[in-house]
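Undergrad: Would you mind keeping the following structure in view while I ask a few things?
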Amino acid sequence: MKRKHAAIVVLAMSLPAFVLFTGCSNSVAHRKEANSASNTHENIYTLGLSEAAKDSIRNLPANKRISRDMAVVYADKLKRSGFNGAILLARKGVVLYEQYNGFEDLKSRSPLTDSSTFQLASVSKTFTGMAVMHLVEKGQLSLEDSLQHFFPDLPYKGITVRMLLNHRSGLPNYLYFCDSLWPDRNKLMTNGDVIGLMVKHRPRIQHLPNTHFQYCNTNYLLLASIVEKVTSERFPEFMQKTFFQPLEMYDTYVNDGTGPKRMHQTVSHDFRGRPEPDVNFDGVVGDKGVYSTVRDMLKWDQGLYSGKLFSDATLQEAFRPYSNEKPGIRNYGLGWRLMVYPDSTHKIIYHNGWWHGNNTVFYRFVQDSTTLVILGNRYNRNIYHAVKPIRDLLGHGDGEEAGAE
């Protein structure tokens, strides 16, 4: 999300011996009973690895070096810049580095813990995109379905579900055209409200469909609404049932502004540390609105590897580059940003986010099953800049630095 604020997350799965805490002298918060599971059971989020296999991964010389080097990068690139958030790095689901620094709310001084939830901003698009792919895999909709199949009154012709997913629709961004059309700035908008404004006022399309890539948040609010149309369920409930509960992501939820603030839900702050108030756009979901922790984001990453959520064919479709008008390694799939290298065997699958004071980062280095999550709730662009030196120490440093989104 690009408006005037930001959010970032770095995530990896936690193993107590490798968890470091600073800033507020935080201690690891309670583990959920369902997650503390018996030690005799395999954890599906680490691809069925035994504890002995996890120890072997953790104790590899290269991984020990990564843990040491991550501490240096964290201190230099994040903590020194006033980082307020959480970071996690894992390999094959085994946490090599995890750190929490700062507060859920700078006013109350409640410290960040492993249960602290952050607004993921545009990292939410990875969930919305895969929710649509879930329905495609179930045969409940098609990537080639037109926009009018779901919203007959929308005036934009020739746009398919696939074009919404890969940002090739040409639609105008609701964050801009709604400013002059929404009458009450103190009232939260819903996805339906935005669609109603599009039907009534017909804001001008930015370019013809499927001619080139143009990142647009409108695409993903429409996709969330399509999920609701197809399933007859509210988007937050559908996501809970389909992803969050099965993956035991107990601290993850969609916040559309209709309920009370959750326990451990972080407050968004500007770079001075002042709280950022909600605006009328905070009721819109799909393009943003998912709250999560770095540990839960590791579960999301591992769930995608597990084979329990999607077929290989569906994942290949989601992770395929769709916009090749310009040369370079950067591209976009179906809900995922991509870095695709010339040898085609090296691919980085990721998404960044920025909304209010939240800056978020979620990287999947699929070549060696490495996961990076950085989540922040105090505006800090160094969250994005820290990714490049982390990629360097992981051996994925060739190529460009990614932007905020």
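If you're wondering about the labels, chains in the structure tokens are A, B, ... by order shown, residues count from 1 in each chain, ligands from 1 in order shown.
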Please tabulate, as a Markdown table, the residues of segment 87-191 of chain A that come within 6 Å of segment 256-279 of chain A, each with its closest pair of atoms and the distance in Å to one decimal, counting only C-alpha atoms and ordering rows by chain, then residue number upward.
TA:
| residue | atom | partner | partner_atom | distance |
| --- | --- | --- | --- | --- |
| A:Glu104 | CA | A:Thr266 | CA | 4.4 |
| A:Asp105 | CA | A:Val267 | CA | 5.3 |
| A:Ser116 | CA | A:His264 | CA | 4.8 |
| A:Thr117 | CA | A:Gln265 | CA | 4.9 |
| A:Phe118 | CA | A:Thr266 | CA | 5.7 |
Undergrad: Go through segment 82-190 of chain A residue by residue and, counting only C-alpha atoms, keep those with an atom at most 12 Å from segment 204-227 of chain A; for each kept residue give the shortest atom pair and its distance in Å to one decimal, ordered by chain and increasing number, as a tab-separated table.
TA:
residue	atom	partner	partner_atom	distance
A:Ala121	CA	A:Asn217	CA	10.7
A:Ser122	CA	A:Asn217	CA	8.5
A:Val123	CA	A:Tyr220	CA	11.5
A:Ser124	CA	A:Tyr220	CA	9.4
A:Lys125	CA	A:Tyr220	CA	6.8
A:Thr126	CA	A:Tyr220	CA	10.0
A:Phe127	CA	A:Ala224	CA	9.8
A:Thr128	CA	A:Ala224	CA	6.3
A:Gly129	CA	A:Leu223	CA	7.7
A:Met130	CA	A:Leu223	CA	10.4
A:Ala131	CA	A:Val227	CA	7.4
A:Val132	CA	A:Val227	CA	6.6
A:Met133	CA	A:Val227	CA	10.2
A:His134	CA	A:Val227	CA	9.9
A:Leu135	CA	A:Val227	CA	7.9
A:Val136	CA	A:Val227	CA	10.5
A:Gln140	CA	A:Val227	CA	9.7
A:Leu141	CA	A:Val227	CA	9.3
A:Ser142	CA	A:Ile226	CA	11.3
A:Leu143	CA	A:Leu223	CA	11.1
A:Asp145	CA	A:Ile226	CA	10.6
A:Ser146	CA	A:Ile226	CA	10.9
A:Leu147	CA	A:Leu222	CA	8.8
A:Gln148	CA	A:Ile226	CA	10.8
A:His149	CA	A:Ile226	CA	9.6
A:Phe150	CA	A:Ile226	CA	6.6
A:Phe151	CA	A:Ile226	CA	8.7
A:Leu154	CA	A:Leu222	CA	11.0
A:Pro155	CA	A:Ile205	CA	9.9
A:Tyr156	CA	A:Ile205	CA	7.7
A:Lys157	CA	A:Pro209	CA	8.4
A:Gly158	CA	A:Pro209	CA	6.5
A:Ile159	CA	A:Pro209	CA	6.0
A:Thr160	CA	A:Pro209	CA	8.8
A:Val161	CA	A:Leu223	CA	7.6
A:Arg162	CA	A:Asn210	CA	9.6
A:Met163	CA	A:Asn210	CA	6.6
A:Leu164	CA	A:Asn219	CA	4.8
A:Leu165	CA	A:Asn219	CA	6.9
A:Asn166	CA	A:Phe213	CA	7.5
A:His167	CA	A:Tyr215	CA	5.3
A:Arg168	CA	A:Phe213	CA	4.8
A:Ser169	CA	A:Pro209	CA	4.7
A:Gly170	CA	A:His207	CA	4.6
A:Leu171	CA	A:Ile205	CA	5.0
A:Pro172	CA	A:Ile205	CA	5.4
A:Asn173	CA	A:Thr218	CA	5.3
A:Tyr174	CA	A:Thr218	CA	5.6
A:Leu175	CA	A:Asn217	CA	7.6
A:Tyr176	CA	A:Thr218	CA	10.2
A:Phe177	CA	A:Arg204	CA	9.2
A:Cys178	CA	A:Thr218	CA	10.8
A:Met189	CA	A:Leu221	CA	11.5
A:Thr190	CA	A:Leu221	CA	9.3
Undergrad: My list of candidates is A:Leu394, A:Ile195, A:Val230, A:Leu120. Which is closest to Asn377 of chain A when distances are computed with only C-alpha atoms?
TA: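 With only C-alpha atoms as the atom set, the closest residue is A:Leu120.
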Undergrad: Listing only residues of segment 321-345 of chain A within 9 Å of segment 309-317 of chain A, what is the closest atom pair and its distance in Å (to one decimal) for each, using only C-alpha atoms, sorted by chain and residue number ascending, as CSV?
TA:
residue,atom,partner,partner_atom,distance
A:Pro321,CA,A:Glu317,CA,8.8
A:Gly333,CA,A:Glu317,CA,7.8
A:Leu334,CA,A:Glu317,CA,7.5
Undergrad: Rank nothing, just name the residue among A:Gly192, A:Gly335, A:Gly307, A:Gly102 nearest to Arg320 of chain A, using only C-alpha atoms.
TA: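 Distance minimum relative to Arg320 of chain A lands on A:Gly335.
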Undergrad: For atom CA of Asp193 of chain A and atom CA of Gln240 of chain A, determine how far apart the two atoms are, in Å to one decimal place.
TA: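 According to the coordinates, atom CA of Asp193 of chain A and atom CA of Gln240 of chain A are separated by 23.3 Å.
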Undergrad: Run DSSP on the backbone of this structure and report the residues of segment 255-385 of chain A it assigns to strand (DSSP E), as a PyMOL selection string.
TA: chain A and resi 290-292+330-332+337-340+347-355+358-365+370-376
Undergrad: Write to file, as a compact mmCIF listing (two decimals), in the first residue's frame, the residues of the selection just made, with N, CA and C atoms.
TA:
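Saved result, result-v6.txt, follows:
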# COMPACT_ATOMS: atom_id res chain seq x y z
N VAL A 290 -4.68 -7.64 6.79
CA VAL A 290 -4.30 -8.82 7.55
C VAL A 290 -3.31 -8.40 8.63
N TYR A 291 -3.54 -8.88 9.85
CA TYR A 291 -2.61 -8.70 10.96
C TYR A 291 -1.98 -10.04 11.28
N SER A 292 -0.68 -10.05 11.57
CA SER A 292 -0.02 -11.32 11.85
C SER A 292 1.25 -11.07 12.65
N ARG A 330 12.97 -8.23 -12.12
CA ARG A 330 11.80 -7.98 -11.28
C ARG A 330 10.51 -8.18 -12.08
N ASN A 331 9.53 -8.85 -11.44
CA ASN A 331 8.29 -9.15 -12.11
C ASN A 331 7.19 -9.36 -11.07
N TYR A 332 6.01 -9.75 -11.53
CA TYR A 332 4.89 -9.99 -10.62
C TYR A 332 4.14 -11.22 -11.08
N ARG A 337 5.35 -10.63 -5.67
CA ARG A 337 6.45 -10.04 -6.42
C ARG A 337 7.51 -11.11 -6.64
N LEU A 338 8.25 -10.96 -7.72
CA LEU A 338 9.23 -11.97 -8.09
C LEU A 338 10.54 -11.32 -8.49
N MET A 339 11.63 -12.01 -8.20
CA MET A 339 12.91 -11.75 -8.83
C MET A 339 13.30 -13.04 -9.53
N VAL A 340 13.31 -12.99 -10.87
CA VAL A 340 13.56 -14.18 -11.67
C VAL A 340 14.87 -13.97 -12.42
N LYS A 347 14.95 -18.09 -8.13
CA LYS A 347 13.78 -17.23 -8.06
C LYS A 347 13.55 -16.82 -6.61
N ILE A 348 13.32 -15.53 -6.40
CA ILE A 348 12.95 -15.01 -5.08
C ILE A 348 11.50 -14.59 -5.15
N ILE A 349 10.69 -15.10 -4.23
CA ILE A 349 9.26 -14.82 -4.17
C ILE A 349 9.02 -13.98 -2.92
N TYR A 350 8.43 -12.80 -3.09
CA TYR A 350 8.36 -11.90 -1.94
C TYR A 350 7.21 -10.91 -2.09
N HIS A 351 6.99 -10.15 -1.03
CA HIS A 351 6.13 -8.97 -1.09
C HIS A 351 6.52 -8.04 0.04
N ASN A 352 6.46 -6.75 -0.22
CA ASN A 352 6.65 -5.74 0.80
C ASN A 352 5.33 -5.04 1.05
N GLY A 353 5.28 -4.27 2.14
CA GLY A 353 4.06 -3.54 2.45
C GLY A 353 4.35 -2.21 3.12
N TRP A 354 3.38 -1.30 2.99
CA TRP A 354 3.50 0.02 3.59
C TRP A 354 2.11 0.60 3.77
N TRP A 355 1.71 0.79 5.00
CA TRP A 355 0.43 1.42 5.29
C TRP A 355 0.52 2.09 6.65
N ASN A 358 3.31 1.37 9.29
CA ASN A 358 3.71 -0.04 9.21
C ASN A 358 4.52 -0.30 7.96
N ASN A 359 5.71 -0.84 8.14
CA ASN A 359 6.55 -1.30 7.02
C ASN A 359 6.75 -2.80 7.20
N THR A 360 6.54 -3.56 6.11
CA THR A 360 6.61 -5.02 6.23
C THR A 360 7.41 -5.62 5.07
N VAL A 361 8.06 -6.74 5.37
CA VAL A 361 8.86 -7.46 4.39
C VAL A 361 8.64 -8.96 4.59
N PHE A 362 8.40 -9.66 3.48
CA PHE A 362 8.23 -11.12 3.51
C PHE A 362 8.91 -11.71 2.29
N TYR A 363 10.03 -12.39 2.51
CA TYR A 363 10.84 -12.95 1.41
C TYR A 363 10.91 -14.46 1.55
N ARG A 364 10.75 -15.14 0.40
CA ARG A 364 10.89 -16.60 0.33
C ARG A 364 11.98 -16.91 -0.70
N PHE A 365 13.14 -17.31 -0.21
CA PHE A 365 14.25 -17.70 -1.08
C PHE A 365 14.10 -19.20 -1.34
N THR A 370 14.71 -20.64 2.39
CA THR A 370 15.01 -19.66 3.43
C THR A 370 13.91 -18.61 3.46
N THR A 371 13.55 -18.19 4.67
CA THR A 371 12.43 -17.27 4.87
C THR A 371 12.88 -16.07 5.68
N LEU A 372 12.51 -14.89 5.22
CA LEU A 372 12.82 -13.66 5.95
C LEU A 372 11.52 -12.88 6.16
N VAL A 373 11.27 -12.49 7.41
CA VAL A 373 10.10 -11.67 7.72
C VAL A 373 10.55 -10.52 8.61
N ILE A 374 10.17 -9.31 8.22
CA ILE A 374 10.42 -8.12 9.05
C ILE A 374 9.12 -7.33 9.14
N LEU A 375 8.69 -7.06 10.37
CA LEU A 375 7.45 -6.32 10.59
C LEU A 375 7.75 -5.14 11.52
N GLY A 376 7.32 -3.97 11.13
CA GLY A 376 7.55 -2.80 11.96
C GLY A 376 6.28 -1.98 12.13
Undergrad: Can you tell me which residues surround Glu237 of chain A at a distance of at most 10 Å, considering only C-alpha atoms, apart from same-chain residues fewer than 3 positions away, and format the answer as an mmCIF file with C-alpha atoms, in the first residue's frame?
TA:
data_model
loop_
_atom_site.group_PDB
_atom_site.id
_atom_site.type_symbol
_atom_site.label_atom_id
_atom_site.label_comp_id
_atom_site.auth_asym_id
_atom_site.auth_seq_id
_atom_site.Cartn_x
_atom_site.Cartn_y
_atom_site.Cartn_z
ATOM 1 C CA GLU A 228 -17.166 -13.199 -0.737
ATOM 2 C CA GLU A 233 -18.892 -15.795 3.412
ATOM 3 C CA ARG A 234 -17.349 -12.639 4.818
ATOM 4 C CA GLN A 240 -9.818 -17.914 9.150
ATOM 5 C CA LYS A 241 -11.434 -21.147 8.008
ATOM 6 C CA THR A 242 -9.310 -21.705 4.916
ATOM 7 C CA PHE A 244 -5.362 -19.307 9.512
ATOM 8 C CA TYR A 253 -6.739 -12.272 11.395
ATOM 9 C CA VAL A 254 -8.309 -9.858 8.926
#
Undergrad: Which residue gives the smallest distance to Gly397 of chain A among A:Asn380, A:Tyr341, A:Ser110, A:Asp296, with only C-alpha atoms counted?
TA: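 Going through A:Asn380, A:Tyr341, A:Ser110, A:Asp296 one by one, the smallest distance to Gly397 of chain A is for A:Tyr341.
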Undergrad: Need the shell around segment 58-73 of chain A: protein/DNA/RNA residues with any atom at most 8 Å away, counting only C-alpha atoms. Skip same-chain ones fewer than 6 positions apart. Format as a list in words?
TA: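 The residues that qualify are Val94, Val95, Leu96, Tyr97, Ala386, Pro389, Ile390, Leu393 and Leu394 of chain A.
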Undergrad: Just to confirm, what's the straight-line distance from atom CA of Asn84 of chain A to atom CA of Val366 of chain A in Å (one decimal)?
TA: 27.7 Å
Undergrad: DSSP on the backbone, helix (DSSP H, G or I) only: what residues of segment 38-287 of chain A does that give? Format it as a ChimeraX atom specification.
TA: /A:44-46,51-58,61-81,121-137,147-150,161-165,174-180,191-201,218-231,235-244,280-283
Undergrad: Pick out the closest residue to Arg91 of chain A from this set: A:Ser180, A:Gln302, A:Asn324, A:Thr252. Count only C-alpha atoms.
TA: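 Looking at the shortest contact to Arg91 of chain A, the residue is A:Gln302.
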